[in-house]
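Text of run10.txt (compact mmCIF, C-alpha atoms) as supplied:
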```txt
# COMPACT_ATOMS: atom_id res chain seq x y z
CA MET A 12 27.67 49.80 22.45
CA ILE A 13 26.64 53.45 22.73
CA ALA A 14 24.72 52.69 25.94
CA GLN A 15 28.02 52.04 27.76
CA TYR A 16 28.91 55.72 27.64
CA GLY A 17 27.32 58.40 29.75
CA SER A 18 27.44 61.19 27.16
CA VAL A 19 28.17 61.83 23.51
CA ALA A 20 31.55 63.29 24.49
CA GLN A 21 32.51 60.00 26.16
CA ARG A 22 31.73 57.83 23.15
CA PRO A 23 34.59 56.51 21.01
CA PRO A 24 35.06 58.70 17.89
CA ALA A 25 33.29 56.31 15.51
CA GLN A 26 30.23 55.99 17.72
CA HIS A 27 30.17 59.77 18.12
CA LEU A 28 30.06 60.16 14.32
CA ASN A 29 27.45 57.42 13.93
CA HIS A 30 25.24 59.15 16.50
CA LEU A 31 25.81 62.59 14.94
CA LEU A 32 24.92 61.49 11.41
CA GLY A 33 22.39 58.80 12.20
CA ILE A 34 24.26 55.97 10.51
CA ARG A 35 25.26 52.43 11.47
CA LEU A 36 28.75 52.38 9.95
CA PRO A 37 31.17 55.36 9.97
CA ILE A 38 31.76 54.96 6.24
CA ILE A 39 30.88 57.80 3.87
CA GLN A 40 30.63 57.37 0.12
CA ALA A 41 32.35 60.38 -1.40
CA PRO A 42 30.05 62.51 -3.57
CA MET A 43 31.36 62.17 -7.14
CA ALA A 44 29.75 64.55 -9.60
CA GLY A 45 29.38 63.17 -13.09
CA VAL A 46 29.85 59.49 -12.25
CA GLN A 47 26.99 58.76 -9.85
CA GLY A 48 23.51 59.67 -8.78
CA SER A 49 20.92 58.47 -6.30
CA ALA A 50 21.38 54.76 -7.13
CA LEU A 51 24.86 54.61 -5.63
CA ALA A 52 23.94 56.81 -2.69
CA LEU A 53 20.95 54.66 -1.78
CA ALA A 54 22.94 51.43 -2.09
CA VAL A 55 25.50 52.68 0.42
CA CYS A 56 22.80 53.94 2.78
CA ARG A 57 21.12 50.53 2.75
CA ALA A 58 24.48 48.91 3.52
CA GLY A 59 24.77 50.99 6.70
CA GLY A 60 27.02 53.81 5.52
CA LEU A 61 26.28 57.38 4.48
CA GLY A 62 25.46 57.60 0.78
CA SER A 63 26.07 60.95 -0.88
CA LEU A 64 24.28 62.70 -3.74
CA PRO A 65 26.46 65.27 -5.59
CA ALA A 66 24.52 68.34 -6.75
CA ALA A 67 27.23 70.55 -8.28
CA ALA A 68 26.98 69.31 -11.88
CA LEU A 69 23.20 68.75 -11.98
CA SER A 70 20.68 71.07 -13.57
CA PRO A 71 17.87 72.18 -11.24
CA GLN A 72 15.51 69.79 -13.02
CA ALA A 73 17.90 66.84 -12.67
CA LEU A 74 18.58 67.64 -9.02
CA GLN A 75 14.84 67.85 -8.31
CA ALA A 76 14.35 64.40 -9.84
CA GLU A 77 17.22 62.87 -7.87
CA LEU A 78 16.00 64.40 -4.62
CA GLU A 79 12.57 62.95 -5.22
CA VAL A 80 14.16 59.50 -5.56
CA MET A 81 16.19 59.96 -2.37
CA ALA A 82 13.15 61.10 -0.42
CA ARG A 83 10.98 58.29 -1.75
CA ASP A 84 13.44 55.41 -1.47
CA SER A 85 15.72 56.20 1.48
CA GLY A 86 13.29 54.61 3.92
CA GLY A 87 14.20 56.94 6.75
CA LEU A 88 17.94 56.26 6.42
CA ALA A 89 20.33 59.19 6.67
CA TRP A 90 21.84 60.48 3.42
CA ASN A 91 24.12 63.30 2.38
CA LEU A 92 23.48 66.07 -0.17
CA ASN A 93 26.70 67.67 -1.43
CA PHE A 94 27.22 71.15 -2.87
CA PHE A 95 30.17 73.24 -3.97
CA ALA A 96 30.69 76.45 -2.01
CA HIS A 97 33.17 78.25 -4.26
CA THR A 98 32.94 81.92 -5.14
CA PRO A 99 32.36 82.19 -8.90
CA PRO A 100 35.23 84.05 -10.57
CA VAL A 101 34.72 87.08 -12.78
CA PRO A 102 35.03 85.95 -16.42
CA ASP A 103 38.15 87.24 -18.15
CA ALA A 104 37.68 87.51 -21.92
CA GLY A 105 41.42 87.73 -22.55
CA ARG A 106 42.18 84.62 -20.55
CA GLU A 107 39.33 82.75 -22.20
CA ALA A 108 40.66 83.69 -25.64
CA ALA A 109 44.18 82.60 -24.68
CA TRP A 110 42.84 79.26 -23.41
CA ARG A 111 41.00 78.64 -26.65
CA GLN A 112 44.17 79.44 -28.56
CA VAL A 113 45.96 76.70 -26.60
CA LEU A 114 43.19 74.32 -27.67
CA ALA A 115 43.02 75.58 -31.27
CA ARG A 116 44.92 72.69 -32.85
CA TYR A 117 42.60 70.19 -31.20
CA TYR A 118 39.54 72.09 -32.39
CA ALA A 119 40.96 71.88 -35.90
CA GLN A 120 41.66 68.15 -35.60
CA HIS A 121 38.07 67.47 -34.58
CA GLY A 122 36.48 69.94 -37.00
CA ILE A 123 35.14 72.19 -34.23
CA ASP A 124 34.55 75.90 -34.79
CA PRO A 125 35.79 77.55 -31.56
CA ASP A 126 33.60 80.59 -32.23
CA ARG A 127 30.55 78.37 -31.84
CA VAL A 128 31.65 77.01 -28.45
CA PRO A 129 29.76 78.94 -25.76
CA ALA A 130 31.45 80.04 -22.58
CA GLY A 131 29.92 78.96 -19.29
CA ALA A 132 30.54 78.21 -15.65
CA GLY A 133 30.28 74.41 -15.67
CA ARG A 134 29.67 74.17 -11.92
CA SER A 135 27.26 76.16 -9.75
CA PRO A 136 27.82 76.97 -6.07
CA PHE A 137 25.19 76.62 -3.39
CA ASP A 138 22.89 79.65 -3.44
CA GLU A 139 19.38 80.74 -2.45
CA ALA A 140 17.81 79.07 -5.48
CA LEU A 141 19.42 75.72 -4.69
CA ALA A 142 18.44 76.12 -1.05
CA ASP A 143 14.84 76.70 -2.14
CA LEU A 144 14.99 73.54 -4.23
CA ALA A 145 16.54 71.37 -1.50
CA GLU A 146 14.59 72.63 1.49
CA PRO A 147 11.39 70.60 1.00
CA PHE A 148 13.45 67.40 1.06
CA ARG A 149 15.17 68.17 4.39
CA PRO A 150 18.39 66.22 3.68
CA PRO A 151 19.67 64.81 7.00
CA VAL A 152 23.29 65.68 6.13
CA VAL A 153 24.59 68.44 3.86
CA SER A 154 28.24 68.57 2.88
CA PHE A 155 30.25 71.22 1.10
CA HIS A 156 33.41 71.33 -1.00
CA PHE A 157 35.53 74.52 -1.08
CA GLY A 158 34.64 75.76 2.39
CA LEU A 159 31.17 76.74 3.54
CA PRO A 160 28.43 79.00 2.14
CA SER A 161 27.49 82.35 3.65
CA LYS A 162 26.26 82.55 7.24
CA ALA A 163 22.71 83.12 6.04
CA LEU A 164 22.72 80.08 3.76
CA LEU A 165 24.34 77.93 6.42
CA ALA A 166 21.65 79.03 8.88
CA ARG A 167 19.01 77.89 6.38
CA VAL A 168 20.64 74.46 6.13
CA ARG A 169 20.79 74.15 9.90
CA GLY A 170 17.15 75.17 10.05
CA TRP A 171 16.30 71.97 8.15
CA GLY A 172 17.87 69.99 11.00
CA ALA A 173 20.79 68.95 8.77
CA LYS A 174 24.26 68.17 10.04
CA VAL A 175 27.03 69.95 8.13
CA LEU A 176 30.25 68.46 6.79
CA SER A 177 33.02 70.10 4.77
CA SER A 178 36.46 69.21 3.43
CA ALA A 179 39.76 70.55 4.74
CA THR A 180 43.09 70.07 2.95
CA THR A 181 45.19 71.74 5.68
CA VAL A 182 45.08 72.18 9.44
CA ASP A 183 44.26 75.88 8.96
CA GLU A 184 41.23 74.97 6.87
CA ALA A 185 40.09 72.48 9.51
CA LEU A 186 40.31 75.14 12.21
CA TRP A 187 38.41 77.58 9.99
CA LEU A 188 35.63 75.04 9.43
CA GLN A 189 35.40 74.39 13.16
CA ASP A 190 35.04 78.12 13.81
CA HIS A 191 32.47 78.66 11.05
CA GLY A 192 29.85 76.03 11.72
CA ALA A 193 30.88 72.56 10.53
CA ASP A 194 29.70 69.58 12.62
CA ALA A 195 32.46 67.29 11.36
CA ILE A 196 35.51 67.74 9.15
CA ILE A 197 36.64 65.67 6.19
CA ALA A 198 40.46 65.66 6.15
CA GLN A 199 41.16 65.34 2.42
CA GLY A 200 44.66 64.07 1.71
CA LEU A 201 46.53 64.64 -1.54
CA GLU A 202 45.81 61.04 -2.58
CA ALA A 203 42.11 61.78 -3.07
CA GLY A 204 40.59 61.64 -6.52
CA GLY A 205 38.63 64.50 -8.03
CA HIS A 206 38.79 68.13 -7.00
CA ARG A 207 40.88 69.37 -4.12
CA GLY A 208 38.61 70.95 -1.52
CA HIS A 209 41.02 73.79 -0.71
CA PHE A 210 39.57 77.22 -0.06
CA LEU A 211 41.98 79.28 2.10
CA SER A 212 44.95 78.75 -0.20
CA HIS A 213 45.46 77.08 -3.57
CA ASP A 214 49.11 76.32 -2.79
CA VAL A 215 49.20 72.56 -3.31
CA SER A 216 52.67 72.38 -1.77
CA ALA A 217 51.07 73.25 1.59
CA GLN A 218 48.81 70.20 1.41
CA MET A 219 49.66 66.72 2.70
CA GLY A 220 48.93 63.07 2.25
CA THR A 221 46.05 61.65 4.26
CA PHE A 222 48.10 59.95 6.94
CA ALA A 223 50.19 63.06 7.55
CA LEU A 224 47.21 65.42 7.56
CA LEU A 225 44.79 63.26 9.56
CA PRO A 226 46.58 63.10 12.95
CA GLN A 227 47.42 66.79 12.81
CA VAL A 228 43.79 67.72 12.21
CA VAL A 229 42.63 65.32 14.93
CA ARG A 230 44.96 67.05 17.41
CA ALA A 231 43.96 70.55 16.30
CA VAL A 232 40.16 70.37 16.40
CA LYS A 233 37.45 69.16 18.76
CA LEU A 234 35.10 67.93 16.04
CA PRO A 235 34.92 64.40 14.60
CA VAL A 236 37.40 64.00 11.74
CA ILE A 237 36.69 61.87 8.67
CA ALA A 238 39.72 60.59 6.74
CA ALA A 239 39.59 60.82 2.94
CA GLY A 240 42.13 60.04 0.24
CA GLY A 241 43.76 56.73 -0.67
CA ILE A 242 41.45 54.63 1.51
CA ALA A 243 40.37 51.72 -0.66
CA ASP A 244 40.30 48.65 1.58
CA ALA A 245 39.96 47.43 5.16
CA ALA A 246 43.65 47.97 5.90
CA GLY A 247 43.35 51.63 4.93
CA VAL A 248 40.27 52.00 7.13
CA ALA A 249 42.11 50.42 10.08
CA ALA A 250 45.08 52.73 9.56
CA ALA A 251 42.83 55.80 9.54
CA PHE A 252 41.17 54.79 12.81
CA ALA A 253 44.56 54.06 14.37
CA LEU A 254 45.44 57.70 13.66
CA GLY A 255 42.30 59.05 15.32
CA ALA A 256 39.71 59.15 12.56
CA ALA A 257 36.05 59.05 13.57
CA GLY A 258 35.09 57.84 10.10
CA VAL A 259 36.37 57.36 6.57
CA GLN A 260 35.25 58.64 3.19
CA ALA A 261 35.88 56.54 0.09
CA GLY A 262 35.19 57.40 -3.53
CA THR A 263 37.43 55.58 -5.97
CA ALA A 264 36.54 52.21 -4.44
CA TYR A 265 32.93 52.70 -5.62
CA LEU A 266 33.64 53.80 -9.22
CA LEU A 267 33.27 50.35 -10.80
CA CYS A 268 30.13 49.45 -8.88
CA PRO A 269 27.10 48.70 -11.08
CA GLU A 270 25.18 51.42 -9.22
CA ALA A 271 27.67 54.07 -10.39
CA SER A 272 27.16 55.83 -13.73
CA THR A 273 30.88 55.77 -14.56
CA SER A 274 31.30 55.73 -18.36
CA ALA A 275 32.66 52.72 -20.24
CA LEU A 276 35.85 54.63 -21.12
CA HIS A 277 36.37 55.64 -17.50
CA ARG A 278 35.69 52.08 -16.31
CA ALA A 279 38.23 50.68 -18.77
CA ALA A 280 40.90 53.08 -17.50
CA LEU A 281 40.12 52.26 -13.85
CA ALA A 282 40.43 48.53 -14.51
CA SER A 283 43.77 48.90 -16.33
CA PRO A 284 47.37 49.51 -15.23
CA GLN A 285 46.79 53.10 -16.39
CA ALA A 286 45.02 53.73 -13.05
CA ARG A 287 48.34 53.45 -11.23
CA HIS A 288 49.41 56.79 -12.71
CA THR A 289 47.33 59.73 -11.50
CA ALA A 290 48.20 63.41 -11.27
CA LEU A 291 46.69 66.72 -10.25
CA THR A 292 45.55 68.82 -13.18
CA ARG A 293 43.72 72.10 -13.79
CA LEU A 294 43.08 71.44 -17.46
CA PHE A 295 39.51 70.20 -17.28
CA THR A 296 37.83 72.76 -15.01
CA GLY A 297 40.50 75.24 -13.93
CA GLY A 298 40.59 73.73 -10.44
CA ALA A 299 43.20 71.27 -9.20
CA ALA A 300 41.80 67.74 -9.40
CA ARG A 301 43.32 64.27 -9.44
CA GLY A 302 42.69 61.91 -12.31
CA ILE A 303 44.28 59.16 -14.36
CA VAL A 304 46.86 60.65 -16.73
CA ASN A 305 45.49 60.79 -20.28
CA GLY A 306 46.37 62.42 -23.59
CA ALA A 307 45.39 65.97 -22.68
CA MET A 308 47.29 65.83 -19.39
CA ARG A 309 50.42 64.54 -21.11
CA GLU A 310 50.34 67.04 -23.98
CA LEU A 311 49.02 70.16 -22.22
CA GLY A 312 50.38 69.73 -18.69
CA GLY A 313 52.87 72.54 -19.17
CA GLN A 314 50.16 74.99 -20.21
CA GLU A 315 47.78 74.66 -17.26
CA ASP A 316 48.33 78.29 -16.27
CA ALA A 317 46.43 79.31 -19.41
CA ALA A 318 43.25 77.65 -18.15
CA PRO A 319 40.66 80.10 -16.76
CA ALA A 320 39.88 80.01 -13.06
CA PHE A 321 37.65 77.23 -11.72
CA PRO A 322 35.16 76.36 -13.06
CA LEU A 323 35.40 78.50 -16.21
CA ALA A 324 37.86 76.23 -18.05
CA THR A 325 35.15 73.60 -18.43
CA ALA A 326 33.21 75.09 -21.34
CA ALA A 327 36.03 75.32 -23.88
CA ILE A 328 37.22 71.74 -23.38
CA ALA A 329 33.74 70.16 -23.30
CA PRO A 330 33.27 69.79 -27.08
CA LEU A 331 36.71 68.18 -27.36
CA ARG A 332 35.68 65.63 -24.76
CA THR A 333 32.47 64.91 -26.67
CA ALA A 334 34.28 64.49 -29.98
CA ALA A 335 37.02 62.28 -28.55
CA GLU A 336 34.56 60.07 -26.67
CA ARG A 337 32.51 59.67 -29.83
CA ALA A 338 35.67 58.24 -31.41
CA GLY A 339 36.19 55.90 -28.44
CA ARG A 340 39.02 57.91 -26.86
CA SER A 341 39.36 59.36 -23.36
CA ASP A 342 42.04 61.96 -24.22
CA PHE A 343 39.86 64.85 -23.02
CA THR A 344 37.81 62.99 -20.43
CA PRO A 345 38.52 63.79 -16.77
CA LEU A 346 39.21 60.27 -15.49
CA TRP A 347 38.89 61.17 -11.82
CA CYS A 348 40.62 58.63 -9.62
CA GLY A 349 42.54 58.58 -6.36
CA GLN A 350 46.11 57.34 -6.04
CA ASN A 351 44.93 53.99 -4.71
CA ALA A 352 42.61 52.22 -7.15
CA SER A 353 43.54 48.78 -5.83
CA GLY A 354 40.18 48.36 -4.12
CA CYS A 355 38.18 49.45 -7.16
CA ARG A 356 36.23 46.36 -8.26
CA ALA A 357 33.11 45.75 -10.32
CA ILE A 358 31.02 44.54 -7.38
CA PRO A 359 27.86 45.92 -5.74
CA ALA A 360 28.24 48.99 -3.55
CA ALA A 361 26.96 47.02 -0.55
CA ASP A 362 29.88 44.61 -0.96
CA VAL A 363 32.39 47.48 -1.18
CA THR A 364 30.91 48.98 1.98
CA ALA A 365 31.05 45.63 3.80
CA ALA A 366 34.67 45.11 2.72
CA LEU A 367 35.67 48.55 4.02
CA ALA A 368 33.79 47.86 7.28
CA GLN A 369 36.10 44.90 7.97
CA GLY A 370 38.72 47.47 8.97
CA LEU A 371 36.57 49.23 11.56
CA PRO A 372 37.55 48.95 15.23
CA ASP A 373 35.28 46.80 17.39
CA GLN A 374 33.64 49.79 19.07
CA ALA A 375 32.53 51.21 15.72
```

Starting from the coordinates I provided, produce the structure as structure tokens.
Amino acid sequence: MIAQYGSVAQRPPAQHLNHLLGIRLPIIQAPMAGVQGSALALAVCRAGGLGSLPAAALSPQALQAELEVMARDSGGLAWNLNFFAHTPPVPDAGREAAWRQVLARYYAQHGIDPDRVPAGAGRSPFDEALADLAEPFRPPVVSFHFGLPSKALLARVRGWGAKVLSSATTVDEALWLQDHGADAIIAQGLEAGGHRGHFLSHDVSAQMGTFALLPQVVRAVKLPVIAAGGIADAAGVAAAFALGAAGVQAGTAYLLCPEASTSALHRAALASPQARHTALTRLFTGGAARGIVNGAMRELGGQEDAAPAFPLATAAIAPLRTAAERAGRSDFTPLWCGQNASGCRAIPAADVTAALAQGLPDQA
């Protein structure tokens, strides 16, 4: 029990994280833009973990509505609001035109006029407007992907009383986060589904699997470290804690839960042998992200360098996704998934959380 220890510093890592974030179980549901909303986040919160609401792909109106649900229904439980913290790239008309040329044959197949496909960012980073929107809701925890926002924006978040988390894909990124205001660090291994959280370097060869990265980050920093990537069951949780984790973050394990908004096509892929083959790709957004290999990844994998910088690649491929999905195909759908989908089952999120908790050490 926490009362056995004289100070926060003396608590075991899991209890330190629980105290820091105001949660009962050191289990964080990974924020997964596009496949979940407040329903999944609230279910995990009620099960004792930290539910997360992803904001990056939501319009201001949609985010406002989801925040109202979280504020109304969280019942005083801690929850996490997640933002991207990338620096938007300068649009390059030449690169955009070259990307659309790569996609031209698919536009023709689906009867799409590429000149009528608008360009756009696809993902918005945390800024003053989003801070204005979020501030009245005072989220207890705010997490970031791709580093941290500016000092001024981070100071605003801290002014709400929020604790700050962010992802690191290397030891250098973990040290940077420690020096720039994070309260805890998510060590994101290469196994993780969805976008890589890298921000100091995009060299994927410098990144590691979770159980290589985790102990190195634990040794390098003084903050609590949360293991993420490939953790889908109690055995994975136990392994992470054996290597010094203060908590774990799981995403793929929740994708088939009824509270998730995962599409039928995505659910079918997750429940099939296809989920055993994932790869990193930049085709869908311009940023490296892990998903189940599909038609676009097989056919266009050698042309990823043509894709505009993250997140500008999103706009040109979006109508192809819509057309293919209308025909019942997932060839252009980003089927985000980690390398270990073995724990991904169509059961309530509370049951997934309880199953993961079976791997926690006694003092957690």

Show which residues sit within 7 Å of Gln40 of chain A, as a list in words. Count only C-alpha atoms, and ignore same-chain residues fewer than 6 positions away.
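That gives Val55, Leu61, Gly62, Ser63, Gln260, Ala261 and Gly262 of chain A.
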
One decimal, in Å: what's the spacing between atom CA of Leu234 of chain A and atom CA of Asp194 of chain A?
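It comes out at 6.6 Å.
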
With only C-alpha atoms counted and 10 Å as the cut-off, give the residues of segment 228-280 of chain A in contact with segment 157-181 of chain A, each with its shortest interatomic distance in Å and the pair that gives it, as a tab-separated table.
```
residue	atom	partner	partner_atom	distance
A:Val228	CA	A:Thr181	CA	7.8
A:Pro235	CA	A:Leu176	CA	10.0
A:Val236	CA	A:Leu176	CA	9.8
A:Ile237	CA	A:Ser178	CA	9.0
A:Ala238	CA	A:Ser178	CA	9.8
A:Ala239	CA	A:Ser178	CA	9.0
```

Distance table requested - segment 297-333 of chain A against segment 112-121 of chain A, cut-off 9 Å, only C-alpha atoms: one row per qualifying residue with the closest atom pair and its distance in Å to one decimal, ordered by chain and rising residue number, as JSON lines.
```
{"residue": "A:Leu311", "atom": "CA", "partner": "A:Val113", "partner_atom": "CA", "distance": 8.4}
{"residue": "A:Gln314", "atom": "CA", "partner": "A:Val113", "partner_atom": "CA", "distance": 7.8}
{"residue": "A:Ala317", "atom": "CA", "partner": "A:Val113", "partner_atom": "CA", "distance": 7.7}
{"residue": "A:Ala318", "atom": "CA", "partner": "A:Val113", "partner_atom": "CA", "distance": 8.9}
{"residue": "A:Ala327", "atom": "CA", "partner": "A:Leu114", "partner_atom": "CA", "distance": 8.2}
{"residue": "A:Ile328", "atom": "CA", "partner": "A:Leu114", "partner_atom": "CA", "distance": 7.8}
{"residue": "A:Pro330", "atom": "CA", "partner": "A:Tyr118", "partner_atom": "CA", "distance": 8.5}
{"residue": "A:Leu331", "atom": "CA", "partner": "A:Tyr118", "partner_atom": "CA", "distance": 7.0}
```

Identify the residues within 6 Å of coordinate (25.4, 50.1, 8.6) (same frame as the file), considering all atoms listed in the file, and give the answer as a PyMOL selection string.
chain A and resi 35-36+58-60

Which residue, A:Ala365, A:Asp214, A:Ala329, A:Arg309, has the smallest gap to Pro125 of chain A when you use all atoms listed in the file?
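Looking at the shortest contact to Pro125 of chain A, the residue is A:Ala329.
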
So which one's closest to Gly205 of chain A, A:Thr292, A:Ser283, A:Gln47, A:Gln369? Using all atoms listed in the file, please.
A:Thr292

Between atom CA of Thr296 of chain A and atom CA of Gln350 of chain A, measure the distance and give it in Å to one decimal.
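Atom CA of Gln350 of chain A lies 19.7 Å from atom CA of Thr296 of chain A.
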
When you count only C-alpha atoms, which of these residues is closest to Thr325 of chain A: A:Ala108, A:Ala299, A:Leu294, A:Ala361?
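Among the listed residues, A:Leu294 lies closest to Thr325 of chain A.
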
Residues near Ala203 of chain A, anyone? I mean within 12 Å using only C-alpha atoms, not counting same-chain ones fewer than 5 positions away, as a VMD selection string.
chain A and resid 41 43 178 to 180 197 to 198 208 218 to 222 238 to 243 260 to 264 289 to 291 299 to 303 347 to 352

Output C-alpha atoms for every residue in that selection, as a compact mmCIF listing (two decimals), in the coordinates of the input.
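For reference, out.txt as written:
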```txt
# COMPACT_ATOMS: atom_id res chain seq x y z
CA ALA A 41 32.35 60.38 -1.40
CA MET A 43 31.36 62.17 -7.14
CA SER A 178 36.46 69.21 3.43
CA ALA A 179 39.76 70.55 4.74
CA THR A 180 43.09 70.07 2.95
CA ILE A 197 36.64 65.67 6.19
CA ALA A 198 40.46 65.66 6.15
CA GLY A 208 38.61 70.95 -1.52
CA GLN A 218 48.81 70.20 1.41
CA MET A 219 49.66 66.72 2.70
CA GLY A 220 48.93 63.07 2.25
CA THR A 221 46.05 61.65 4.26
CA PHE A 222 48.10 59.95 6.94
CA ALA A 238 39.72 60.59 6.74
CA ALA A 239 39.59 60.82 2.94
CA GLY A 240 42.13 60.04 0.24
CA GLY A 241 43.76 56.73 -0.67
CA ILE A 242 41.45 54.63 1.51
CA ALA A 243 40.37 51.72 -0.66
CA GLN A 260 35.25 58.64 3.19
CA ALA A 261 35.88 56.54 0.09
CA GLY A 262 35.19 57.40 -3.53
CA THR A 263 37.43 55.58 -5.97
CA ALA A 264 36.54 52.21 -4.44
CA THR A 289 47.33 59.73 -11.50
CA ALA A 290 48.20 63.41 -11.27
CA LEU A 291 46.69 66.72 -10.25
CA ALA A 299 43.20 71.27 -9.20
CA ALA A 300 41.80 67.74 -9.40
CA ARG A 301 43.32 64.27 -9.44
CA GLY A 302 42.69 61.91 -12.31
CA ILE A 303 44.28 59.16 -14.36
CA TRP A 347 38.89 61.17 -11.82
CA CYS A 348 40.62 58.63 -9.62
CA GLY A 349 42.54 58.58 -6.36
CA GLN A 350 46.11 57.34 -6.04
CA ASN A 351 44.93 53.99 -4.71
CA ALA A 352 42.61 52.22 -7.15
```

A:Gly86, A:Gly312, A:Gly48, A:Gly370: which is nearest Thr273 of chain A, counting all atoms listed in the file?
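Looking only at the distances to Thr273 of chain A, the closest residue turns out to be A:Gly48.
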
From the list A:Lys233, A:Pro129, A:Leu144, A:Val153, which residue is nearest Ala185 of chain A when using all atoms listed in the file?
A:Lys233

For Pro71 of chain A, the nearest of the candidates A:Ala320, A:Leu141, A:Ala44, A:Ala326, counting all atoms listed in the file:
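Looking only at the distances to Pro71 of chain A, the closest residue turns out to be A:Leu141.
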
For atom CA of Ala250 of chain A and atom CA of Arg287 of chain A, the interatomic separation in Å (one decimal):
21.1 Å

List every protein, DNA or RNA residue that has an atom no more than 6 Å from (28.4, 65.9, 2.5) in the file's coordinate frame, counting all atoms listed in the file, and report them as a list in words.
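Looking at atoms near the point gives Asn91, Leu92, Asn93, Val153, Ser154, Phe155 and Leu176 of chain A.
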
Would you mind listing what lies within 8 Å of Pro226 of chain A as a list in words, with all atoms listed in the file counted and same-chain residues fewer than 3 positions away left out?
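Here the answer would be Phe222, Ala223, Val229, Arg230, Leu254, Gly255 and Ala256 of chain A.
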
Include C-alpha atoms and write out the residues we just selected as a compact mmCIF listing (two decimals), in the frame of the given file.
```txt
# COMPACT_ATOMS: atom_id res chain seq x y z
CA PHE A 222 48.10 59.95 6.94
CA ALA A 223 50.19 63.06 7.55
CA VAL A 229 42.63 65.32 14.93
CA ARG A 230 44.96 67.05 17.41
CA LEU A 254 45.44 57.70 13.66
CA GLY A 255 42.30 59.05 15.32
CA ALA A 256 39.71 59.15 12.56
```

Close residues, Gly45 of chain A itself excluded, 9 Å, all atoms listed in the file, min 4 positions apart in chain, as JSON, numbers by chain:
{"A": [65, 68, 69, 272, 273]}
